[in-house]
>>> print(open('protein_32.cif').read())   # mmCIF, C-alpha atoms and all ligand atoms
data_run
loop_
_atom_site.label_atom_id
_atom_site.label_comp_id
_atom_site.auth_asym_id
_atom_site.auth_seq_id
_atom_site.Cartn_x
_atom_site.Cartn_y
_atom_site.Cartn_z
CA MET C 1 16.78 10.03 -8.74
CA PHE C 2 13.87 12.15 -7.57
CA ASN C 3 12.80 15.01 -9.80
CA GLU C 4 13.05 18.63 -8.60
CA THR C 5 9.43 18.77 -7.45
CA VAL C 6 9.84 15.69 -5.27
CA LEU C 7 13.15 16.92 -3.87
CA LYS C 8 11.44 20.16 -2.90
CA GLU C 9 8.59 18.23 -1.26
CA ILE C 10 11.07 16.17 0.78
CA ASP C 11 13.02 19.31 1.71
CA GLU C 12 9.82 20.88 3.03
CA ILE C 13 9.12 17.81 5.14
CA ARG C 14 12.70 17.68 6.40
CA ALA C 15 12.48 21.33 7.45
CA LYS C 16 9.66 20.51 9.86
CA TYR C 17 11.89 18.34 12.04
CA PRO C 18 15.05 19.00 14.03
CA ASP C 19 16.45 15.59 12.97
CA ARG C 20 16.50 14.50 9.29
CA LYS C 21 15.81 10.92 10.42
CA SER C 22 12.28 12.05 11.32
CA ALA C 23 11.60 12.68 7.65
CA LEU C 24 12.37 9.08 6.74
CA LEU C 25 8.85 7.59 6.88
CA PRO C 26 7.20 10.37 4.84
CA SER C 27 10.10 10.23 2.38
CA LEU C 28 9.64 6.49 1.95
CA TYR C 29 5.95 7.12 1.28
CA ILE C 30 6.90 9.64 -1.36
CA ALA C 31 9.40 7.23 -2.94
CA GLN C 32 6.75 4.52 -3.05
CA ARG C 33 4.28 6.93 -4.60
CA GLU C 34 6.82 7.97 -7.22
CA PHE C 35 8.29 4.57 -8.10
CA GLY C 36 5.35 2.28 -7.26
CA TRP C 37 7.45 0.20 -4.85
CA LEU C 38 10.69 0.48 -2.90
CA SER C 39 13.38 -1.03 -5.11
CA ASN C 40 17.07 -0.89 -4.20
CA ASP C 41 17.35 2.21 -6.39
CA ALA C 42 14.42 3.86 -4.61
CA LEU C 43 15.93 3.12 -1.19
CA GLN C 44 19.31 4.48 -2.28
CA CYS C 45 17.55 7.56 -3.55
CA VAL C 46 15.91 8.16 -0.15
CA ALA C 47 19.20 7.51 1.69
CA LYS C 48 21.06 9.94 -0.52
CA THR C 49 18.37 12.62 -0.33
CA LEU C 50 18.19 12.48 3.47
CA ASN C 51 21.91 11.80 3.88
CA LEU C 52 21.16 8.72 5.98
CA PRO C 53 22.92 5.32 5.96
CA GLU C 54 21.34 3.03 3.37
CA ALA C 55 21.13 0.23 5.96
CA GLU C 56 18.97 2.43 8.18
CA VAL C 57 16.64 3.31 5.30
CA ARG C 58 16.41 -0.36 4.25
CA GLY C 59 15.79 -1.49 7.84
CA THR C 60 12.97 0.98 8.29
CA ALA C 61 11.38 0.19 4.93
CA SER C 62 11.47 -3.56 5.60
CA PHE C 63 9.93 -3.19 9.07
CA TYR C 64 6.61 -1.69 7.95
CA ALA C 65 4.09 -3.75 5.99
CA MET C 66 2.80 -0.69 4.15
CA PHE C 67 6.06 -0.40 2.23
CA LYS C 68 6.26 -2.67 -0.79
CA ASN C 69 9.50 -4.50 -1.53
CA ARG C 70 8.38 -5.83 -4.91
CA PRO C 71 6.44 -4.44 -7.85
CA VAL C 72 2.73 -4.11 -7.26
CA GLY C 73 -0.25 -3.45 -9.49
CA ARG C 74 -1.45 0.07 -10.21
CA HIS C 75 -3.98 -0.36 -7.40
CA LEU C 76 -3.41 -2.22 -4.16
CA ILE C 77 -6.42 -3.96 -2.63
CA GLN C 78 -5.98 -4.70 1.08
CA LEU C 79 -8.87 -6.89 2.13
CA CYS C 80 -9.42 -7.92 5.74
CA THR C 81 -10.29 -11.57 6.41
CA ASN C 82 -9.96 -11.51 10.19
CA VAL C 83 -12.76 -12.73 12.47
CA SER C 84 -15.46 -10.10 11.96
CA CYS C 85 -14.84 -9.83 8.24
CA MET C 86 -14.62 -13.63 7.92
CA ILE C 87 -17.99 -14.02 9.67
CA PHE C 88 -19.51 -11.61 7.15
CA GLY C 89 -18.11 -13.45 4.13
CA ALA C 90 -14.65 -12.04 3.43
CA GLU C 91 -13.32 -15.40 2.23
CA LYS C 92 -15.99 -15.47 -0.48
CA LEU C 93 -14.95 -11.96 -1.45
CA VAL C 94 -11.34 -13.12 -1.86
CA ASP C 95 -12.61 -15.85 -4.21
CA PHE C 96 -14.77 -13.32 -6.04
CA ILE C 97 -11.86 -10.92 -6.57
CA GLY C 98 -9.75 -13.83 -7.82
CA ARG C 99 -12.40 -14.95 -10.33
CA LYS C 100 -13.44 -11.50 -11.48
CA TYR C 101 -10.09 -9.70 -11.59
CA GLY C 102 -7.57 -12.54 -11.82
CA VAL C 103 -5.66 -11.64 -8.69
CA GLN C 104 -4.86 -13.97 -5.80
CA PRO C 105 -3.64 -13.04 -2.29
CA ASN C 106 -0.05 -11.70 -2.47
CA GLY C 107 -0.35 -11.61 -6.24
CA THR C 108 -0.85 -9.16 -9.05
CA SER C 109 -3.27 -9.47 -11.95
CA GLN C 110 -1.70 -10.17 -15.33
CA ASP C 111 -2.74 -6.78 -16.64
CA GLY C 112 -0.96 -5.10 -13.72
CA ARG C 113 -4.18 -3.42 -12.63
CA PHE C 114 -4.54 -4.89 -9.11
CA SER C 115 -2.46 -6.45 -6.38
CA LEU C 116 -4.21 -8.14 -3.47
CA VAL C 117 -3.01 -8.39 0.12
CA ILE C 118 -4.95 -10.03 2.95
CA MET C 119 -5.03 -7.91 6.09
CA GLU C 120 -5.44 -8.79 9.75
CA CYS C 121 -8.11 -6.28 10.86
CA ILE C 122 -8.16 -2.73 9.59
CA GLY C 123 -10.24 -1.41 12.46
CA ALA C 124 -13.67 -1.64 10.86
CA CYS C 125 -15.00 -4.76 12.60
CA GLY C 126 -18.41 -3.13 13.19
CA THR C 127 -18.93 -2.56 9.48
CA ALA C 128 -17.27 -5.72 8.16
CA PRO C 129 -16.18 -6.81 5.66
CA ALA C 130 -13.81 -3.98 4.89
CA MET C 131 -10.93 -3.17 2.56
CA LEU C 132 -8.61 -0.45 1.41
CA VAL C 133 -7.93 0.28 -2.24
CA ASN C 134 -4.73 2.30 -2.26
CA THR C 135 -5.56 4.75 0.56
CA ASP C 136 -9.35 4.68 0.08
CA PHE C 137 -11.39 2.88 2.72
CA TYR C 138 -14.51 0.81 2.02
CA GLU C 139 -16.82 -1.12 4.36
CA ASN C 140 -20.00 -3.22 4.34
CA LEU C 141 -18.67 -5.02 1.29
CA SER C 142 -20.48 -7.47 -0.92
CA GLU C 143 -19.56 -8.89 -4.33
CA ASN C 144 -21.71 -6.27 -6.05
CA ARG C 145 -20.25 -3.47 -3.97
CA ILE C 146 -16.68 -4.60 -4.68
CA GLU C 147 -17.39 -4.75 -8.39
CA GLU C 148 -18.90 -1.26 -8.28
CA ILE C 149 -15.87 0.05 -6.33
CA LEU C 150 -13.16 -1.62 -8.37
CA GLU C 151 -14.65 -0.45 -11.65
CA GLY C 152 -13.56 3.00 -10.54
CA TYR C 153 -9.90 1.95 -10.49
CA LYS C 154 -8.54 1.58 -14.00
S1 LIG G 201 -11.84 -8.02 11.44
FE1 LIG G 201 -11.93 -7.00 9.54
S2 LIG G 201 -11.84 -4.94 10.09
FE2 LIG G 201 -11.61 -5.94 11.97
#
>>> encode(input="protein_32.cif", output="structure tokens", more="lines below")
Ligand code: FES
Amino acid sequence: MFNETVLKEIDEIRAKYPDRKSALLPSLYIAQREFGWLSNDALQCVAKTLNLPEAEVRGTASFYAMFKNRPVGRHLIQLCTNVSCMIFGAEKLVDFIGRKYGVQPNGTSQDGRFSLVIMECIGACGTAPAMLVNTDFYENLSENRIEEILEGYK
């Protein structure tokens, strides 16, 4: 179950909307932040807190790619390999991340530090290659730049 602080946070969000269903997406974000991913327990927790049918909560959580339905590393790398990023070497960066940090696409490093997901354009084609680490955005990537960035995520 959510702790009192989180329940208060969700209550404040719910109060902003005339319909409690409108608080579902931000509540799922909060659940993911608190539990690391959206397990059955986490989804039940959101359903109970918002007094919504569990099937509706589950359906919403499974629709959006930003919600994780399995455990992920402490830091989620979302690296784009679509056309612009591919042209500027994103595939080599995927290999580099695999060699350097032991994490493959859709996988998690053994130490639980990083998970890696390949993205289909994150809207930074003009400054490719680009990635997100958690909610932090990075562009104009190179192997050296990635190493410098990822060293900041323990
Ligand atoms: S193709 Fe990578 S950000 Fe658009």
>>> residues_around(input="protein_32.cif", residues="Asp111 in chain C", least_positions_apart="4", cutoff="10 Å", atoms="all atoms listed in the file", output="list in words")
Gly73, Arg74, Tyr101, Gly102 and Val103 of chain C
>>> residues_around(input="protein_32.cif", residues="Glu56 in chain C", least_positions_apart="6", cutoff="12 Å", atoms="all atoms listed in the file", output="ChimeraX atom specification")
/C:21,24-25,28,43-44,46-48,50,62-63
>>> closest_atom_pairs(input="protein_32.cif", of="chain C", to="ligand LIG 201 (chain G)", cutoff="10 Å", atoms="only C-alpha atoms and all ligand atoms", output="Markdown table")
| residue | atom | partner | partner_atom | distance |
| --- | --- | --- | --- | --- |
| C:Leu79 | CA | G:LIG201 | FE1 | 8.0 |
| C:Cys80 | CA | G:LIG201 | FE1 | 4.6 |
| C:Thr81 | CA | G:LIG201 | FE1 | 5.8 |
| C:Asn82 | CA | G:LIG201 | S1 | 4.2 |
| C:Val83 | CA | G:LIG201 | S1 | 4.9 |
| C:Ser84 | CA | G:LIG201 | S1 | 4.2 |
| C:Cys85 | CA | G:LIG201 | FE1 | 4.3 |
| C:Met86 | CA | G:LIG201 | S1 | 7.2 |
| C:Ile87 | CA | G:LIG201 | S1 | 8.8 |
| C:Phe88 | CA | G:LIG201 | FE1 | 9.2 |
| C:Ala90 | CA | G:LIG201 | FE1 | 8.4 |
| C:Met119 | CA | G:LIG201 | FE1 | 7.8 |
| C:Glu120 | CA | G:LIG201 | S1 | 6.7 |
| C:Cys121 | CA | G:LIG201 | FE2 | 3.7 |
| C:Ile122 | CA | G:LIG201 | S2 | 4.3 |
| C:Gly123 | CA | G:LIG201 | S2 | 4.5 |
| C:Ala124 | CA | G:LIG201 | S2 | 3.9 |
| C:Cys125 | CA | G:LIG201 | FE2 | 3.6 |
| C:Gly126 | CA | G:LIG201 | FE2 | 7.5 |
| C:Thr127 | CA | G:LIG201 | S2 | 7.5 |
| C:Ala128 | CA | G:LIG201 | FE1 | 5.7 |
| C:Pro129 | CA | G:LIG201 | FE1 | 5.8 |
| C:Ala130 | CA | G:LIG201 | S2 | 5.6 |
| C:Met131 | CA | G:LIG201 | S2 | 7.8 |
| C:Glu139 | CA | G:LIG201 | S2 | 8.5 |
>>> atom_distance(input="protein_32.cif", atom1="CA of Gly36 in chain C", atom2="CA of Lys68 in chain C")
8.2 Å
>>> closest_residue(input="protein_32.cif", among="C:Gly107, C:Thr135, C:Asp95, C:Ile118", to="Tyr29 in chain C", atoms="all atoms listed in the file")
C:Thr135
>>> closest_residue(input="protein_32.cif", among="C:Val133, C:Arg33, C:Glu9, C:Leu52", to="Lys154 in chain C", atoms="all atoms listed in the file")
C:Val133
>>> atom_distance(input="protein_32.cif", atom1="CA of Ile77 in chain C", atom2="CA of Tyr64 in chain C")
16.9 Å
>>> closest_residue(input="protein_32.cif", among="C:Arg99, C:His75, C:Lys92, C:Arg58", to="Ile149 in chain C", atoms="only C-alpha atoms")
C:His75
>>> residues_near_point(input="protein_32.cif", point="(9.6, 15.1, 5.1)", cutoff="6 Å", atoms="only C-alpha atoms", output="list of chain:residue names")
C:Ile10, C:Ile13, C:Arg14, C:Ala23, C:Pro26, C:Ser27
>>> residues_around(input="protein_32.cif", residues="Asn144 in chain C", least_positions_apart="4", cutoff="12 Å", atoms="all atoms listed in the file", output="PyMOL selection string")
chain C and resi 93+96-97+100+140+148-151
>>> atom_distance(input="protein_32.cif", atom1="CA of Met1 in chain C", atom2="CA of Thr49 in chain C")
8.9 Å
>>> closest_residue(input="protein_32.cif", among="C:Asp19, C:Glu91, C:Gln104, C:Gln110", to="Glu143 in chain C", atoms="all atoms listed in the file")
C:Glu91
>>> closest_residue(input="protein_32.cif", among="C:Glu34, C:Asn134, C:Ser109, C:Asp11", to="Asn51 in chain C", atoms="all atoms listed in the file")
C:Asp11
>>> closest_residue(input="protein_32.cif", among="C:Ala31, C:Met66, C:Asn3, C:Arg113", to="Gly152 in chain C", atoms="all atoms listed in the file")
C:Arg113
>>> axis_aligned_box(input="protein_32.cif", around="range 31-36 of chain C", padding_each_side="6 Å", output="JSON")
{"center_x": 6.8, "center_y": 5.1, "center_z": -5.5, "size_x": 17.1, "size_y": 17.7, "size_z": 17.2}
>>> build_atoms(input="protein_32.cif", residues="range 123-146 of chain C", atoms="N, CA and C atoms", output="PDB file, in the frame of the given file")
ATOM      1  N   GLY C 123      -9.538  -2.280  11.526  1.00  0.00           N
ATOM      2  CA  GLY C 123     -10.240  -1.410  12.460  1.00  0.00           C
ATOM      3  C   GLY C 123     -11.662  -1.063  12.062  1.00  0.00           C
ATOM      4  N   ALA C 124     -12.293  -1.911  11.278  1.00  0.00           N
ATOM      5  CA  ALA C 124     -13.670  -1.640  10.860  1.00  0.00           C
ATOM      6  C   ALA C 124     -14.551  -2.847  11.144  1.00  0.00           C
ATOM      7  N   CYS C 125     -14.306  -3.497  12.273  1.00  0.00           N
ATOM      8  CA  CYS C 125     -15.000  -4.760  12.600  1.00  0.00           C
ATOM      9  C   CYS C 125     -16.518  -4.561  12.659  1.00  0.00           C
ATOM     10  N   GLY C 126     -16.971  -3.392  13.066  1.00  0.00           N
ATOM     11  CA  GLY C 126     -18.410  -3.130  13.190  1.00  0.00           C
ATOM     12  C   GLY C 126     -19.105  -2.947  11.866  1.00  0.00           C
ATOM     13  N   THR C 127     -18.345  -2.757  10.810  1.00  0.00           N
ATOM     14  CA  THR C 127     -18.930  -2.560   9.480  1.00  0.00           C
ATOM     15  C   THR C 127     -18.281  -3.514   8.473  1.00  0.00           C
ATOM     16  N   ALA C 128     -17.934  -4.693   8.969  1.00  0.00           N
ATOM     17  CA  ALA C 128     -17.270  -5.720   8.160  1.00  0.00           C
ATOM     18  C   ALA C 128     -18.210  -6.246   7.079  1.00  0.00           C
ATOM     19  N   PRO C 129     -17.607  -6.778   6.011  1.00  0.00           N
ATOM     20  CA  PRO C 129     -16.180  -6.810   5.660  1.00  0.00           C
ATOM     21  C   PRO C 129     -15.684  -5.465   5.124  1.00  0.00           C
ATOM     22  N   ALA C 130     -14.372  -5.276   5.252  1.00  0.00           N
ATOM     23  CA  ALA C 130     -13.810  -3.980   4.890  1.00  0.00           C
ATOM     24  C   ALA C 130     -12.517  -4.160   4.092  1.00  0.00           C
ATOM     25  N   MET C 131     -12.180  -3.133   3.332  1.00  0.00           N
ATOM     26  CA  MET C 131     -10.930  -3.170   2.560  1.00  0.00           C
ATOM     27  C   MET C 131     -10.441  -1.743   2.294  1.00  0.00           C
ATOM     28  N   LEU C 132      -9.190  -1.684   1.920  1.00  0.00           N
ATOM     29  CA  LEU C 132      -8.610  -0.450   1.410  1.00  0.00           C
ATOM     30  C   LEU C 132      -8.263  -0.694  -0.047  1.00  0.00           C
ATOM     31  N   VAL C 133      -8.476   0.312  -0.877  1.00  0.00           N
ATOM     32  CA  VAL C 133      -7.930   0.280  -2.240  1.00  0.00           C
ATOM     33  C   VAL C 133      -7.029   1.508  -2.294  1.00  0.00           C
ATOM     34  N   ASN C 134      -5.740   1.246  -2.420  1.00  0.00           N
ATOM     35  CA  ASN C 134      -4.730   2.300  -2.260  1.00  0.00           C
ATOM     36  C   ASN C 134      -4.937   2.903  -0.861  1.00  0.00           C
ATOM     37  N   THR C 135      -5.315   4.173  -0.774  1.00  0.00           N
ATOM     38  CA  THR C 135      -5.560   4.750   0.560  1.00  0.00           C
ATOM     39  C   THR C 135      -7.047   5.006   0.806  1.00  0.00           C
ATOM     40  N   ASP C 136      -7.907   4.481  -0.065  1.00  0.00           N
ATOM     41  CA  ASP C 136      -9.350   4.680   0.080  1.00  0.00           C
ATOM     42  C   ASP C 136      -9.963   3.531   0.870  1.00  0.00           C
ATOM     43  N   PHE C 137     -10.791   3.874   1.828  1.00  0.00           N
ATOM     44  CA  PHE C 137     -11.390   2.880   2.720  1.00  0.00           C
ATOM     45  C   PHE C 137     -12.816   2.553   2.308  1.00  0.00           C
ATOM     46  N   TYR C 138     -13.161   1.248   2.348  1.00  0.00           N
ATOM     47  CA  TYR C 138     -14.510   0.810   2.020  1.00  0.00           C
ATOM     48  C   TYR C 138     -14.974  -0.232   3.027  1.00  0.00           C
ATOM     49  N   GLU C 139     -16.270  -0.205   3.348  1.00  0.00           N
ATOM     50  CA  GLU C 139     -16.820  -1.120   4.360  1.00  0.00           C
ATOM     51  C   GLU C 139     -18.153  -1.673   3.881  1.00  0.00           C
ATOM     52  N   ASN C 140     -18.728  -2.578   4.695  1.00  0.00           N
ATOM     53  CA  ASN C 140     -20.000  -3.220   4.340  1.00  0.00           C
ATOM     54  C   ASN C 140     -19.950  -3.800   2.930  1.00  0.00           C
ATOM     55  N   LEU C 141     -18.899  -4.532   2.652  1.00  0.00           N
ATOM     56  CA  LEU C 141     -18.670  -5.020   1.290  1.00  0.00           C
ATOM     57  C   LEU C 141     -19.523  -6.226   0.936  1.00  0.00           C
ATOM     58  N   SER C 142     -19.826  -6.310  -0.318  1.00  0.00           N
ATOM     59  CA  SER C 142     -20.480  -7.470  -0.920  1.00  0.00           C
ATOM     60  C   SER C 142     -19.822  -7.640  -2.283  1.00  0.00           C
ATOM     61  N   GLU C 143     -20.133  -8.712  -2.985  1.00  0.00           N
ATOM     62  CA  GLU C 143     -19.560  -8.890  -4.330  1.00  0.00           C
ATOM     63  C   GLU C 143     -19.962  -7.722  -5.231  1.00  0.00           C
ATOM     64  N   ASN C 144     -21.251  -7.369  -5.206  1.00  0.00           N
ATOM     65  CA  ASN C 144     -21.710  -6.270  -6.050  1.00  0.00           C
ATOM     66  C   ASN C 144     -21.021  -4.953  -5.712  1.00  0.00           C
ATOM     67  N   ARG C 145     -20.883  -4.720  -4.415  1.00  0.00           N
ATOM     68  CA  ARG C 145     -20.250  -3.470  -3.970  1.00  0.00           C
ATOM     69  C   ARG C 145     -18.778  -3.429  -4.395  1.00  0.00           C
ATOM     70  N   ILE C 146     -18.091  -4.551  -4.262  1.00  0.00           N
ATOM     71  CA  ILE C 146     -16.680  -4.600  -4.680  1.00  0.00           C
ATOM     72  C   ILE C 146     -16.562  -4.335  -6.176  1.00  0.00           C
TER      73      ILE C 146
END
